[in-house]
file run_33.cif (mmCIF, C-alpha atoms)
data_model
#
loop_
_atom_site.label_atom_id
_atom_site.label_comp_id
_atom_site.auth_asym_id
_atom_site.auth_seq_id
_atom_site.Cartn_x
_atom_site.Cartn_y
_atom_site.Cartn_z
CA MET A 1 -56.77 30.38 -24.84
CA ALA A 2 -55.13 27.08 -23.98
CA GLU A 3 -56.13 25.80 -20.59
CA THR A 4 -53.47 26.51 -18.00
CA ASP A 5 -52.97 24.22 -15.06
CA LEU A 6 -50.66 25.12 -12.19
CA ALA A 7 -50.22 22.60 -9.42
CA ILE A 8 -52.15 23.38 -6.26
CA HIS A 9 -50.24 22.36 -3.16
CA ALA A 10 -51.46 22.07 0.38
CA VAL A 11 -50.06 24.77 2.61
CA ASP A 12 -46.72 23.25 3.42
CA PRO A 13 -44.27 24.97 5.79
CA ALA A 14 -41.43 23.88 3.55
CA LEU A 15 -43.02 25.60 0.57
CA ALA A 16 -44.29 28.59 2.54
CA ALA A 17 -40.65 29.55 3.09
CA SER A 18 -38.63 30.92 0.22
CA PRO A 19 -36.98 28.28 -2.03
CA TRP A 20 -34.04 30.68 -2.24
CA PRO A 21 -32.40 30.05 1.16
CA VAL A 22 -30.14 32.79 2.45
CA ARG A 23 -27.52 30.48 3.89
CA ASP A 24 -27.42 27.55 1.61
CA GLY A 25 -27.04 27.40 -2.10
CA ARG A 26 -29.11 24.31 -2.86
CA SER A 27 -31.00 24.90 -6.08
CA ARG A 28 -34.68 24.25 -6.63
CA ASN A 29 -36.20 23.57 -10.01
CA HIS A 30 -37.89 26.27 -12.02
CA SER A 31 -41.48 25.18 -11.39
CA VAL A 32 -41.06 25.12 -7.61
CA LYS A 33 -39.56 28.61 -7.66
CA ARG A 34 -42.27 29.89 -9.96
CA ASP A 35 -44.95 28.42 -7.68
CA ALA A 36 -43.26 30.13 -4.74
CA VAL A 37 -43.36 33.49 -6.51
CA ILE A 38 -47.06 33.08 -7.30
CA ARG A 39 -47.87 31.90 -3.78
CA ALA A 40 -45.98 34.80 -2.16
CA ALA A 41 -47.73 37.27 -4.44
CA ALA A 42 -51.14 35.79 -3.64
CA ARG A 43 -50.51 36.17 0.07
CA ALA A 44 -49.33 39.77 -0.39
CA PHE A 45 -52.30 40.71 -2.60
CA SER A 46 -54.68 39.16 -0.10
CA ALA A 47 -53.12 41.03 2.83
CA HIS A 48 -52.62 44.45 1.25
CA GLY A 49 -54.65 44.54 -1.96
CA TYR A 50 -53.35 44.54 -5.51
CA HIS A 51 -52.60 48.25 -5.89
CA HIS A 52 -50.92 48.51 -2.48
CA THR A 53 -48.56 45.59 -3.11
CA SER A 54 -45.28 46.13 -4.92
CA LEU A 55 -43.08 43.54 -6.58
CA ASP A 56 -40.33 44.68 -4.20
CA GLU A 57 -42.45 43.37 -1.31
CA VAL A 58 -42.97 40.04 -3.05
CA ALA A 59 -39.23 39.77 -3.69
CA GLU A 60 -38.43 40.65 -0.09
CA ALA A 61 -40.75 37.93 1.19
CA LEU A 62 -38.74 35.42 -0.86
CA ASN A 63 -35.29 36.81 -0.01
CA VAL A 64 -34.56 37.59 -3.65
CA SER A 65 -34.05 40.71 -5.72
CA LYS A 66 -36.82 42.29 -7.78
CA PRO A 67 -35.24 41.24 -11.12
CA THR A 68 -35.62 37.62 -10.01
CA ILE A 69 -39.40 38.05 -10.03
CA TYR A 70 -39.25 39.18 -13.66
CA TYR A 71 -37.58 35.90 -14.55
CA TYR A 72 -40.90 34.14 -13.82
CA VAL A 73 -43.49 36.76 -14.82
CA ALA A 74 -43.44 39.68 -17.21
CA ASN A 75 -45.08 42.19 -14.89
CA LYS A 76 -47.36 42.69 -11.89
CA GLU A 77 -50.49 42.27 -14.01
CA GLN A 78 -49.40 38.84 -15.19
CA LEU A 79 -48.49 37.89 -11.63
CA LEU A 80 -52.05 38.56 -10.43
CA PHE A 81 -53.42 36.64 -13.41
CA GLU A 82 -51.21 33.66 -12.56
CA CYS A 83 -52.49 33.77 -8.97
CA PHE A 84 -56.03 33.63 -10.36
CA VAL A 85 -55.17 30.68 -12.62
CA ALA A 86 -53.39 28.81 -9.82
CA GLY A 87 -56.46 28.97 -7.61
CA LEU A 88 -58.81 28.04 -10.43
CA ALA A 89 -56.84 24.89 -11.28
CA GLN A 90 -58.31 22.96 -8.34
CA ILE A 91 -61.86 23.71 -9.51
CA GLN A 92 -61.03 22.90 -13.14
CA SER A 93 -59.60 19.56 -12.08
CA ALA A 94 -62.70 18.72 -10.02
CA ILE A 95 -65.02 19.55 -12.92
CA ARG A 96 -62.99 17.42 -15.34
CA LYS A 97 -63.11 14.48 -12.95
CA ALA A 98 -66.85 14.96 -12.48
CA ALA A 99 -67.39 14.83 -16.24
CA LYS A 100 -65.68 11.42 -16.42
CA SER A 101 -67.40 9.89 -13.39
CA ASN A 102 -70.36 7.50 -13.54
CA ARG A 103 -71.72 8.56 -10.14
CA SER A 104 -74.91 10.55 -9.77
CA ALA A 105 -74.66 14.20 -10.76
CA HIS A 106 -75.56 15.15 -7.18
CA ASP A 107 -72.52 13.31 -5.79
CA ARG A 108 -70.27 14.74 -8.50
CA LEU A 109 -71.51 18.25 -7.80
CA LYS A 110 -70.75 17.79 -4.09
CA ASP A 111 -67.11 17.07 -4.98
CA VAL A 112 -66.95 20.16 -7.16
CA ILE A 113 -68.47 22.33 -4.42
CA ARG A 114 -65.97 20.98 -1.89
CA ASN A 115 -62.99 21.71 -4.15
CA TYR A 116 -64.39 25.11 -5.07
CA ALA A 117 -64.68 26.03 -1.38
CA LEU A 118 -61.17 24.76 -0.62
CA ALA A 119 -59.74 26.82 -3.49
CA ILE A 120 -61.51 30.00 -2.38
CA ALA A 121 -60.38 29.43 1.23
CA SER A 122 -56.77 29.05 0.10
CA GLU A 123 -54.24 31.85 -0.22
CA TYR A 124 -55.42 32.27 -3.82
CA GLY A 125 -59.01 33.09 -2.86
CA TRP A 126 -58.70 36.88 -2.86
CA CYS A 127 -57.06 36.83 -6.29
CA MET A 128 -59.72 34.48 -7.66
CA VAL A 129 -62.61 36.78 -6.77
CA ARG A 130 -60.92 40.17 -7.19
CA ALA A 131 -58.67 39.76 -10.23
CA GLU A 132 -61.45 40.69 -12.63
CA ASP A 133 -61.99 44.00 -10.78
CA GLN A 134 -58.40 45.15 -11.28
CA ASP A 135 -57.09 47.01 -14.33
CA LEU A 136 -55.20 44.17 -15.98
CA GLY A 137 -55.77 45.25 -19.56
CA PRO A 138 -58.19 43.89 -22.18
CA LYS A 139 -56.28 40.70 -23.02
CA LEU A 140 -55.95 39.36 -19.47
CA SER A 141 -59.47 40.53 -18.62
CA ARG A 142 -60.86 38.51 -21.54
CA GLN A 143 -58.93 35.45 -20.43
CA ILE A 144 -60.26 35.77 -16.87
CA LYS A 145 -63.84 36.06 -18.15
CA ALA A 146 -63.35 33.03 -20.40
CA LEU A 147 -62.00 30.90 -17.56
CA LYS A 148 -64.82 31.95 -15.22
CA SER A 149 -67.35 31.13 -17.93
CA GLU A 150 -65.79 27.68 -18.25
CA ILE A 151 -66.42 27.03 -14.55
CA ASP A 152 -69.96 28.37 -14.87
CA ARG A 153 -70.68 26.00 -17.76
CA GLY A 154 -69.30 23.09 -15.75
CA LEU A 155 -71.65 23.85 -12.86
CA ARG A 156 -74.63 24.16 -15.19
CA ARG A 157 -73.85 20.85 -16.90
CA LEU A 158 -73.81 19.07 -13.54
CA LEU A 159 -77.09 20.67 -12.51
CA ILE A 160 -78.72 19.69 -15.81
CA ASP A 161 -77.35 16.14 -15.53
CA GLY A 162 -78.72 15.95 -12.00
CA MET A 163 -82.18 17.01 -13.10
CA ARG A 164 -82.05 14.37 -15.81
CA ASP A 165 -80.90 11.52 -13.56
CA GLY A 166 -83.27 12.57 -10.78
CA SER A 167 -80.59 13.30 -8.17
CA ILE A 168 -81.14 17.09 -8.23
CA GLN A 169 -84.46 18.86 -8.00
CA GLN A 170 -85.76 20.79 -11.00
CA CYS A 171 -84.38 24.32 -11.07
CA ASP A 172 -83.13 27.04 -13.39
CA PRO A 173 -79.52 25.87 -13.97
CA LYS A 174 -78.31 29.36 -14.85
CA MET A 175 -79.65 30.94 -11.66
CA MET A 176 -78.60 27.99 -9.49
CA ALA A 177 -75.05 28.09 -10.89
CA PHE A 178 -74.92 31.83 -10.15
CA ALA A 179 -76.15 31.18 -6.60
CA LEU A 180 -73.57 28.47 -6.00
CA ALA A 181 -70.66 30.50 -7.36
CA GLY A 182 -71.77 33.67 -5.59
CA ALA A 183 -71.99 32.00 -2.19
CA LEU A 184 -68.71 30.15 -2.63
CA ASN A 185 -66.84 33.21 -3.90
CA TRP A 186 -67.97 35.19 -0.86
CA ILE A 187 -65.85 32.91 1.34
CA ALA A 188 -62.84 34.97 0.25
CA HIS A 189 -64.33 38.08 1.83
CA TRP A 190 -64.80 36.67 5.32
CA TYR A 191 -62.64 33.60 5.77
CA ARG A 192 -59.32 34.02 7.54
CA GLU A 193 -56.73 31.28 7.90
CA ASN A 194 -56.08 29.87 11.38
CA LYS A 195 -59.38 31.11 12.78
CA SER A 196 -62.21 29.08 14.33
CA MET A 197 -62.80 26.83 11.30
CA SER A 198 -60.35 25.23 8.91
CA ALA A 199 -60.73 25.42 5.14
CA ALA A 200 -61.82 21.76 5.13
CA GLN A 201 -64.52 22.43 7.72
CA ILE A 202 -65.77 25.39 5.69
CA ALA A 203 -65.88 23.21 2.57
CA ASP A 204 -67.81 20.45 4.37
CA ALA A 205 -70.32 22.98 5.71
CA PHE A 206 -71.00 24.37 2.23
CA VAL A 207 -71.36 20.88 0.79
CA GLU A 208 -73.92 20.04 3.47
CA VAL A 209 -75.97 23.20 2.90
CA PHE A 210 -76.11 22.91 -0.87
CA SER A 211 -76.42 19.15 -1.15
CA VAL A 212 -79.45 19.10 1.13
CA GLY A 213 -81.05 22.01 -0.71
CA LEU A 214 -80.61 20.34 -4.09
CA ILE A 215 -82.13 16.99 -3.17
CA PRO A 216 -85.46 16.43 -5.00
CA ARG A 217 -88.53 16.92 -2.79
CA LYS A 218 -90.34 13.71 -1.94
CA ASP A 219 -93.75 15.29 -2.37
CA GLY A 220 -92.86 16.21 -5.95
CA ALA A 221 -93.67 19.88 -5.37
CA ASN A 222 -91.59 21.86 -7.76
CA SER A 223 -92.43 25.01 -9.66
CA ALA A 224 -89.42 24.98 -11.98
CA PRO A 225 -89.94 23.58 -15.50
CA ARG A 226 -88.31 20.32 -16.43
CA VAL A 227 -85.15 20.51 -18.53
CA THR A 228 -85.58 19.64 -22.20
CA SER A 229 -83.01 19.11 -24.91
CA ARG A 230 -83.81 22.56 -26.29
CA LYS A 231 -83.32 24.12 -22.86
CA ARG A 232 -79.97 22.40 -22.48
CA ARG A 233 -78.71 23.83 -25.75
CA SER A 234 -79.74 27.34 -24.76
CA THR A 235 -77.95 27.21 -21.39
CA LYS A 236 -74.66 26.40 -23.08
CA THR A 237 -74.69 29.75 -24.85
CA ASN A 238 -75.33 31.83 -21.76
CA ALA A 239 -71.83 32.29 -20.32
CA ARG A 240 -71.42 34.73 -17.50
#
call {"tool": "encode", "arguments": {"input": "run_33.cif", "output": "structure tokens"}}
result
Amino acid sequence: MAETDLAIHAVDPALAASPWPVRDGRSRNHSVKRDAVIRAAARAFSAHGYHHTSLDEVAEALNVSKPTIYYYVANKEQLLFECFVAGLAQIQSAIRKAAKSNRSAHDRLKDVIRNYALAIASEYGWCMVRAEDQDLGPKLSRQIKALKSEIDRGLRRLLIDGMRDGSIQQCDPKMMAFALAGALNWIAHWYRENKSMSAAQIADAFVEVFSVGLIPRKDGANSAPRVTSRKRRSTKTNAR
């Protein structure tokens, strides 16, 4: 599958409203309208669940008719998939930037963790962690698994690089990547917008917890085996 990147926007009141104004006929370009459809669907899925949300409700939130939704997506299954992809784009971008950076792997991983947390705390978070549990058919399910495996491999590469450059303590990269993703994904289950902490504060807190825990111990005490070239090759084949 070709990598899909949808722009991730900050929550903007101008974009939160429908780009199809009731009283004025100013047109918006196709991508903005498509983003609005995906964003409205993500909010509806998060609030009511996938099976309890209808495309009529998404259309109503945008002040358009149901056929308008079908102009941008083929069906409800694809709409949930696009919500998943839209949220994942921020993490994909962070991992690509990390791969090109010359900074320590520990610092690069902190950036990825921060962007991961921000994505999960966004309106796309529910769709990102629950899309795979819905009955979207074999094709979309395979694509979701492939994209999640891509993120998993990116986390493992950073952990392995960190063990090699000495910025991250020795660990099992597979298990550590699972631990990172599991903790970050759980944000979608408890975080609510406009509560006591902002998404940025949540992201900073997670960065602090994990970055401290991954710093090599000064006393050198470490029970995990050191990463070898053979170990690195084996981890690449173990996609979630």
call {"tool": "closest_residue", "arguments": {"input": "run_33.cif", "among": "A:Ser65, A:Gln92, A:Gln134, A:Gln78", "to": "A:His51", "atoms": "all atoms listed in the file"}}
result
A:Gln134
call {"tool": "residues_around", "arguments": {"input": "run_33.cif", "residues": "A:Lys139", "least_positions_apart": "5", "cutoff": "12 Å", "atoms": "all atoms listed in the file", "output": "PDB file with C-alpha atoms, in the coordinates of the input"}}
result
ATOM      1  CA  MET A   1     -56.770  30.380 -24.840  1.00  0.00           C
ATOM      2  CA  GLU A  77     -50.490  42.270 -14.010  1.00  0.00           C
ATOM      3  CA  GLN A  78     -49.400  38.840 -15.190  1.00  0.00           C
ATOM      4  CA  PHE A  81     -53.420  36.640 -13.410  1.00  0.00           C
ATOM      5  CA  GLU A 132     -61.450  40.690 -12.630  1.00  0.00           C
ATOM      6  CA  ILE A 144     -60.260  35.770 -16.870  1.00  0.00           C
ATOM      7  CA  LYS A 145     -63.840  36.060 -18.150  1.00  0.00           C
ATOM      8  CA  ALA A 146     -63.350  33.030 -20.400  1.00  0.00           C
TER       9      ALA A 146
END
call {"tool": "residues_around", "arguments": {"input": "run_33.cif", "residues": "A:Glu193", "least_positions_apart": "6", "cutoff": "10 Å", "atoms": "all atoms listed in the file", "output": "list of chain:residue names"}}
result
A:Ala121, A:Ser122, A:Glu123, A:Ala199
call {"tool": "write_last_selection", "arguments": {"input": "run_33.cif", "atoms": "C-alpha atoms", "output": "PDB file, in the coordinates of the input"}}
result
ATOM      1  CA  ALA A 121     -60.380  29.430   1.230  1.00  0.00           C
ATOM      2  CA  SER A 122     -56.770  29.050   0.100  1.00  0.00           C
ATOM      3  CA  GLU A 123     -54.240  31.850  -0.220  1.00  0.00           C
ATOM      4  CA  ALA A 199     -60.730  25.420   5.140  1.00  0.00           C
TER       5      ALA A 199
END
call {"tool": "residues_around", "arguments": {"input": "run_33.cif", "residues": "A:Ala117", "least_positions_apart": "2", "cutoff": "6 Å", "atoms": "only C-alpha atoms", "output": "NGL selection string"}}
result
:A and (114-115 or 119-120 or 184 or 203)
call {"tool": "resolve_selection", "arguments": {"input": "run_33.cif", "expression": "the PyMOL selection byres ((chain A and resi 212) around 12)", "output": "MDAnalysis selection string"}}
result
chainID A and resid 106:107 109:110 167:169 205:211 213:217
call {"tool": "resolve_selection", "arguments": {"input": "run_33.cif", "expression": "the PyMOL selection byres ((chain A and resi 129) around 12)", "output": "number ranges by chain"}}
result
A: 42, 45-46, 80-81, 83-85, 87-88, 116, 119-128, 130-134, 144-145, 148, 181-189
call {"tool": "atom_distance", "arguments": {"input": "run_33.cif", "atom1": "atom CA of A:Thr53", "atom2": "atom CA of A:Ala41"}}
result
8.5 Å
call {"tool": "resolve_selection", "arguments": {"input": "run_33.cif", "expression": "the PyMOL selection byres ((chain A and resi 98-104) around 12)", "output": "VMD selection string"}}
result
chain A and resid 91 to 97 105 to 113 115 153 to 168 215
call {"tool": "axis_aligned_box", "arguments": {"input": "run_33.cif", "around": "stretch 36-52 of chain A", "padding_each_side": "8 Å", "output": "lines of an AutoDock Vina configuration file"}}
result
center_x = -49.0
center_y = 39.3
center_z = -2.2
size_x = 27.4
size_y = 34.4
size_z = 26.1
call {"tool": "atom_distance", "arguments": {"input": "run_33.cif", "atom1": "atom CA of A:Arg39", "atom2": "atom CA of A:His52"}}
result
16.9 Å
call {"tool": "atom_distance", "arguments": {"input": "run_33.cif", "atom1": "atom CA of A:Gly49", "atom2": "atom CA of A:Trp190"}}
result
14.8 Å
call {"tool": "closest_residue", "arguments": {"input": "run_33.cif", "among": "A:Cys171, A:Met197, A:Leu140, A:Leu118", "to": "A:Glu82", "atoms": "only C-alpha atoms"}}
result
A:Leu140
